[in-house]
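Novice: One file: work10.txt (compact mmCIF, C-alpha atoms).
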```txt
# COMPACT_ATOMS: atom_id res chain seq x y z
CA MET A 238 29.39 -14.47 17.25
CA ARG A 239 28.21 -13.07 20.55
CA GLN A 240 26.27 -9.86 21.07
CA GLU A 241 24.86 -8.38 24.23
CA VAL A 242 22.23 -5.67 24.15
CA PHE A 243 20.79 -3.83 27.11
CA MET A 244 17.54 -1.91 26.62
CA ALA A 245 16.15 0.65 29.04
CA GLY A 246 13.27 3.08 29.24
CA MET A 247 10.11 4.00 31.04
CA GLY A 248 7.40 1.43 31.57
CA GLY A 249 4.96 1.51 28.67
CA GLN A 250 7.57 2.42 26.05
CA GLY A 251 7.79 -1.14 24.80
CA VAL A 252 11.21 -2.08 26.13
CA LEU A 253 10.11 -5.64 26.91
CA LEU A 254 8.28 -6.05 23.59
CA ALA A 255 11.39 -4.95 21.68
CA GLY A 256 13.38 -7.51 23.63
CA GLN A 257 10.84 -10.25 22.93
CA LEU A 258 10.89 -9.50 19.21
CA LEU A 259 14.67 -9.58 19.07
CA ALA A 260 14.71 -12.82 21.07
CA GLN A 261 12.13 -14.45 18.79
CA ALA A 262 14.04 -13.39 15.67
CA ALA A 263 17.30 -14.76 17.09
CA LEU A 264 15.69 -18.07 18.04
CA GLU A 265 14.21 -18.46 14.57
CA ALA A 266 17.66 -17.74 13.10
CA GLY A 267 19.00 -20.72 15.06
CA LEU A 268 20.94 -18.66 17.59
CA GLU A 269 21.24 -19.28 21.32
CA LEU A 270 20.12 -16.56 23.69
CA SER A 271 19.12 -15.44 27.11
CA TRP A 272 16.47 -12.80 27.67
CA PHE A 273 16.33 -11.11 31.06
CA PRO A 274 13.47 -8.59 31.49
CA LEU A 275 13.21 -6.43 34.58
CA TYR A 276 10.55 -3.90 35.44
CA SER A 277 9.51 -1.92 38.49
CA PRO A 278 6.10 -2.42 40.12
CA GLU A 279 4.65 1.04 39.41
CA VAL A 280 1.56 1.10 37.24
CA ARG A 281 2.86 4.13 35.31
CA GLY A 282 6.23 5.82 35.20
CA GLY A 283 8.27 2.87 36.43
CA ARG A 284 11.50 1.79 34.79
CA ALA A 285 11.87 -1.20 32.48
CA THR A 286 15.06 -2.89 31.30
CA CYS A 287 15.83 -5.92 29.24
CA THR A 288 19.14 -7.68 28.64
CA LEU A 289 19.71 -10.09 25.77
CA VAL A 290 22.77 -12.16 25.09
CA ILE A 291 22.69 -13.63 21.58
CA ALA A 292 25.33 -16.07 20.38
CA ASP A 293 26.00 -18.86 17.95
CA GLY A 294 27.13 -20.99 20.90
CA GLU A 295 26.04 -21.57 24.47
CA VAL A 296 25.01 -18.58 26.58
CA GLY A 297 25.96 -19.04 30.22
CA SER A 298 24.40 -16.05 31.94
CA PRO A 299 22.05 -13.19 31.08
CA VAL A 300 23.97 -10.86 33.41
CA VAL A 301 26.20 -8.40 31.55
CA GLY A 302 28.14 -5.66 33.33
CA GLN A 303 29.34 -3.82 30.23
CA PRO A 304 27.18 -4.69 27.23
CA GLY A 305 28.41 -4.25 23.70
CA SER A 306 25.18 -2.43 22.76
CA VAL A 307 22.40 -0.43 24.37
CA ILE A 308 19.03 0.84 23.22
CA LEU A 309 18.04 3.79 25.41
CA MET A 310 14.52 5.12 25.06
CA ASP A 311 14.57 8.25 27.23
CA GLY A 312 16.82 10.74 29.03
CA ILE A 313 16.82 8.88 32.33
CA ALA A 314 17.97 5.73 30.56
CA VAL A 315 20.78 7.69 28.88
CA ASP A 316 21.83 9.27 32.19
CA ASN A 317 21.82 5.91 33.98
CA HIS A 318 23.14 3.53 31.35
CA LEU A 319 25.11 5.17 28.52
CA ASN A 320 28.29 4.85 30.54
CA ARG A 321 27.82 1.06 30.74
CA VAL A 322 28.52 0.45 27.04
CA ARG A 323 32.03 -0.91 26.64
CA ALA A 324 34.47 0.99 24.43
CA GLY A 325 33.94 0.15 20.77
CA GLY A 326 30.28 -0.65 21.42
CA LEU A 327 27.03 0.72 20.02
CA ALA A 328 24.38 2.98 21.54
CA VAL A 329 21.02 3.57 19.87
CA VAL A 330 19.35 6.51 21.59
CA ASN A 331 15.97 8.22 21.32
CA SER A 332 17.06 11.84 20.95
CA SER A 333 13.42 12.97 21.09
CA LEU A 334 13.46 12.32 24.83
CA ALA A 335 17.19 12.33 25.59
CA GLY A 336 18.29 15.49 23.79
CA ASP A 337 21.08 16.01 21.32
CA GLU A 338 23.95 16.55 23.75
CA ILE A 339 24.85 12.88 24.08
CA LYS A 340 28.60 12.45 24.02
CA ARG A 341 30.80 9.35 23.92
CA ASP A 342 33.76 9.37 21.57
CA ASP A 343 34.67 5.72 22.12
CA ILE A 344 31.44 4.11 20.82
CA ASP A 345 29.25 4.19 17.74
CA LEU A 346 26.28 6.41 18.56
CA VAL A 347 23.03 6.33 16.59
CA ALA A 348 20.81 9.14 17.88
CA ILE A 349 17.36 9.15 16.32
CA ALA A 350 14.37 11.33 17.16
CA ALA A 351 12.39 8.10 17.41
CA THR A 352 9.34 9.49 19.18
CA ASP A 353 9.00 12.22 16.56
CA VAL A 354 9.34 9.64 13.76
CA ALA A 355 6.74 7.37 15.38
CA VAL A 356 4.27 10.26 15.74
CA GLU A 357 4.78 11.11 12.05
CA LEU A 358 3.97 7.47 11.24
CA GLY A 359 0.73 7.76 13.21
CA SER A 360 1.56 6.03 16.50
CA GLU A 361 3.81 7.25 19.30
CA GLN A 362 3.71 3.66 20.59
CA ALA A 363 5.91 2.64 17.63
CA THR A 364 8.90 4.51 19.12
CA ASN A 365 10.36 1.20 20.28
CA MET A 366 10.12 -0.19 16.75
CA VAL A 367 11.99 2.79 15.29
CA LEU A 368 14.82 2.18 17.77
CA LEU A 369 14.78 -1.59 17.26
CA GLY A 370 14.98 -1.14 13.49
CA ALA A 371 17.96 1.18 13.96
CA TYR A 372 19.67 -1.33 16.26
CA VAL A 373 19.15 -4.26 13.88
CA GLN A 374 20.53 -2.19 10.99
CA ALA A 375 23.55 -0.98 12.97
CA SER A 376 24.41 -4.29 14.65
CA GLY A 377 23.49 -6.82 11.99
CA VAL A 378 22.63 -9.30 14.75
CA VAL A 379 19.60 -10.62 12.81
CA GLU A 380 17.97 -9.84 9.49
CA ALA A 381 15.40 -7.03 9.51
CA GLN A 382 12.87 -9.41 7.94
CA ALA A 383 13.23 -11.70 10.96
CA ILE A 384 12.01 -8.92 13.26
CA GLU A 385 9.08 -8.23 10.94
CA ASP A 386 8.20 -11.94 10.92
CA ALA A 387 8.48 -12.08 14.72
CA LEU A 388 5.76 -9.44 15.02
CA HIS A 389 3.22 -12.01 13.80
CA ARG A 390 4.30 -14.55 16.41
CA VAL A 391 4.87 -12.29 19.41
CA LEU A 392 1.94 -9.89 19.15
CA PRO A 393 -1.46 -11.27 20.14
CA GLU A 394 -3.80 -11.54 17.16
CA ARG A 395 -5.96 -8.70 18.49
CA HIS A 396 -2.95 -6.38 17.91
CA HIS A 397 -2.15 -7.53 14.37
CA ASP A 398 -3.82 -4.37 13.02
CA TYR A 399 -0.74 -2.50 14.32
CA ILE A 400 1.75 -4.62 12.38
CA PRO A 401 1.87 -2.37 9.27
CA THR A 402 2.70 0.67 11.42
CA ASN A 403 5.31 -1.33 13.33
CA VAL A 404 6.90 -2.55 10.10
CA ALA A 405 7.03 1.01 8.76
CA ALA A 406 8.65 2.13 12.02
CA LEU A 407 11.23 -0.67 11.87
CA GLN A 408 12.09 0.20 8.29
CA HIS A 409 12.29 3.92 8.99
CA GLY A 410 14.59 3.34 11.98
CA ALA A 411 16.84 1.11 9.87
CA GLN A 412 17.02 3.75 7.14
CA LEU A 413 17.94 6.50 9.62
CA ALA A 414 20.64 4.32 11.20
CA ALA A 415 22.10 3.49 7.79
CA GLU A 416 22.28 7.19 6.93
CA GLN A 417 24.06 8.01 10.20
CA LEU A 418 26.57 5.18 9.90
CA GLN A 419 27.67 5.95 6.31
```
I need this file expressed as structure tokens, please.
Specialist:
Amino acid sequence: MRQEVFMAGMGGQGVLLAGQLLAQAALEAGLELSWFPLYSPEVRGGRATCTLVIADGEVGSPVVGQPGSVILMDGIAVDNHLNRVRAGGLAVVNSSLAGDEIKRDDIDLVAIAATDVAVELGSEQATNMVLLGAYVQASGVVEAQAIEDALHRVLPERHHDYIPTNVAALQHGAQLAAEQLQ
């Protein structure tokens, strides 16, 4: 098994946190991985990306030209990176910020109004969790429970009050992905 996922969005959307959670869950599942975060130096409005390669064997490099999966958190990320997904791959897209006119016939596309869902759950900051839950459901790379468990290890204790909202967002994203992929 080998899966590559590339995540992209605006700084502050939780791209790097989503990557950390997925990395932690994969490590705890006994998988090998590389995690390659990249962010621009702007205080606000900069771009953030994260590449993970997860495998049941050695991972040689975190650099992936055409990933098998992407999680794209806004319209700029879709414009810049949707074309990178290799044919037969998976794209999980925040249609709240990217619109509904996303077209690729050669990949599985899960378009979720993640920002709208997160706001309904009480925290726009949980948008990344909605998308991560959808990705985990669609890809099967790790168990959903592993991501929920990783929240306790990755988030500082002062942020543990947000865990119930994050878990609800993960579960809601997974449910929406399952409905789309039926």
Novice: Closest to Ser306 in chain A among A:Ser271, A:Ser277, A:Gln240, A:Gln362, using only C-alpha atoms?
Specialist: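 Closest candidate: A:Gln240.
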Novice: Neighbouring residues of Gln250 in chain A were defined as those with any atom within 7 Å, considering all atoms listed in the file; residues of the same chain fewer than 2 positions away were excluded. Please report them as a PyMOL selection string.
Specialist: chain A and resi 246-248+252+362+365
Novice: Keeping C-alpha atoms for every residue in the selection just given, could you write it to a file as a PDB file, in the coordinates of the input?
Specialist:
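Listed below is the output, part_30.pdb:
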```pdb
ATOM      1  CA  GLY A 246      13.270   3.080  29.240  1.00  0.00           C
ATOM      2  CA  MET A 247      10.110   4.000  31.040  1.00  0.00           C
ATOM      3  CA  GLY A 248       7.400   1.430  31.570  1.00  0.00           C
ATOM      4  CA  VAL A 252      11.210  -2.080  26.130  1.00  0.00           C
ATOM      5  CA  GLN A 362       3.710   3.660  20.590  1.00  0.00           C
ATOM      6  CA  ASN A 365      10.360   1.200  20.280  1.00  0.00           C
TER       7      ASN A 365
END
```
Novice: Any idea what the distance is between CA of Glu385 in chain A and CA of Ala314 in chain A?
Specialist: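 Calculated distance between CA of Glu385 in chain A and CA of Ala314 in chain A is 25.7 Å.
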Novice: Report the distance between CA of Leu358 in chain A and CA of His409 in chain A in Å, rounded to one decimal place.
Specialist: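 Computing it gives 9.3 Å between the two atoms.
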Novice: What lies within 10 Å of range 343-350 of chain A using only C-alpha atoms, ignoring chain neighbours under 3 positions off, as a compact mmCIF listing (two decimals) with C-alpha atoms, in the coordinates of the input?
Specialist:
```txt
# COMPACT_ATOMS: atom_id res chain seq x y z
CA GLY A 305 28.41 -4.25 23.70
CA SER A 306 25.18 -2.43 22.76
CA VAL A 307 22.40 -0.43 24.37
CA ILE A 308 19.03 0.84 23.22
CA LEU A 309 18.04 3.79 25.41
CA VAL A 322 28.52 0.45 27.04
CA ARG A 323 32.03 -0.91 26.64
CA ALA A 324 34.47 0.99 24.43
CA GLY A 325 33.94 0.15 20.77
CA GLY A 326 30.28 -0.65 21.42
CA LEU A 327 27.03 0.72 20.02
CA ALA A 328 24.38 2.98 21.54
CA VAL A 329 21.02 3.57 19.87
CA VAL A 330 19.35 6.51 21.59
CA ASN A 331 15.97 8.22 21.32
CA SER A 332 17.06 11.84 20.95
CA SER A 333 13.42 12.97 21.09
CA LEU A 334 13.46 12.32 24.83
CA ALA A 335 17.19 12.33 25.59
CA GLY A 336 18.29 15.49 23.79
CA ASP A 337 21.08 16.01 21.32
CA GLU A 338 23.95 16.55 23.75
CA ILE A 339 24.85 12.88 24.08
CA LYS A 340 28.60 12.45 24.02
CA ASP A 353 9.00 12.22 16.56
CA VAL A 354 9.34 9.64 13.76
CA ALA A 355 6.74 7.37 15.38
CA THR A 364 8.90 4.51 19.12
CA VAL A 367 11.99 2.79 15.29
CA LEU A 368 14.82 2.18 17.77
CA ALA A 371 17.96 1.18 13.96
CA TYR A 372 19.67 -1.33 16.26
CA ALA A 375 23.55 -0.98 12.97
CA GLY A 410 14.59 3.34 11.98
CA LEU A 413 17.94 6.50 9.62
CA ALA A 414 20.64 4.32 11.20
CA ALA A 415 22.10 3.49 7.79
CA GLU A 416 22.28 7.19 6.93
CA GLN A 417 24.06 8.01 10.20
CA LEU A 418 26.57 5.18 9.90
```
Novice: Which neighbours of Trp272 in chain A fall inside 9 Å, counting all atoms listed in the file, when residues of the same chain fewer than 6 positions from it are skipped, and could you give them as a ChimeraX atom specification?
Specialist: /A:256-257,260,287-291,299
Novice: Tell me which residues come within 7 Å of (8.5, -1.6, 14.1), as an MDAnalysis selection string, counting all atoms listed in the file in the file's coordinates.
Specialist: chainID A and resid 363 366:367 370 402:407
Novice: State, in Å with one decimal place, the distance from CA of Ala285 in chain A to CA of Met244 in chain A.
Specialist: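 One can read the CA of Ala285 in chain A to CA of Met244 in chain A distance as 8.2 Å.
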Novice: Taking 5 positions as the minimum chain separation for residues in the same chain, which residues sit within 9 Å of Ala263 in chain A when counting all atoms listed in the file? Answer as a ChimeraX atom specification.
Specialist: /A:258,268-270,291-292,378-379,383-384
Novice: The selected residues should be written to file as a PDB file, in the frame of the given file (atoms: C-alpha atoms).
Specialist:
```pdb
ATOM      1  CA  LEU A 258      10.890  -9.500  19.210  1.00  0.00           C
ATOM      2  CA  LEU A 268      20.940 -18.660  17.590  1.00  0.00           C
ATOM      3  CA  GLU A 269      21.240 -19.280  21.320  1.00  0.00           C
ATOM      4  CA  LEU A 270      20.120 -16.560  23.690  1.00  0.00           C
ATOM      5  CA  ILE A 291      22.690 -13.630  21.580  1.00  0.00           C
ATOM      6  CA  ALA A 292      25.330 -16.070  20.380  1.00  0.00           C
ATOM      7  CA  VAL A 378      22.630  -9.300  14.750  1.00  0.00           C
ATOM      8  CA  VAL A 379      19.600 -10.620  12.810  1.00  0.00           C
ATOM      9  CA  ALA A 383      13.230 -11.700  10.960  1.00  0.00           C
ATOM     10  CA  ILE A 384      12.010  -8.920  13.260  1.00  0.00           C
TER      11      ILE A 384
END
```
Novice: Measuring between all atoms listed in the file, which one of A:Val296, A:Val315, A:Ala262, A:Glu361 shows the shortest distance to His389 in chain A?
Specialist: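 Result for the nearest residue to His389 in chain A: A:Ala262.
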Novice: With all atoms of range 379-393 of chain A from the file as input, state the centre and edge lengths in Å to one decimal of the axis-aligned box that has 3 Å extra on each side, as AutoDock Vina command-line options.
Specialist:
```
--center_x 9.1 --center_y -10.8 --center_z 14.0 --size_x 27.1 --size_y 13.5 --size_z 18.2
```
Novice: Counting all atoms listed in the file, figure out which residue out of A:Leu259, A:Leu254, A:Leu264, A:Ile313 gets nearest to Gly283 in chain A.
Specialist: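 Among the listed residues, A:Ile313 lies closest to Gly283 in chain A.
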Novice: Of the residues A:Asn317, A:Ile400, A:Gly302, A:Leu388, which is the one nearest to Ser360 in chain A, using all atoms listed in the file?
Specialist: A:Ile400
Novice: Taking all atoms listed in the file into account, name the residue in A:Leu369, A:His397, A:Gln412, A:Phe243 that is nearest to Leu319 in chain A.
Specialist: A:Phe243
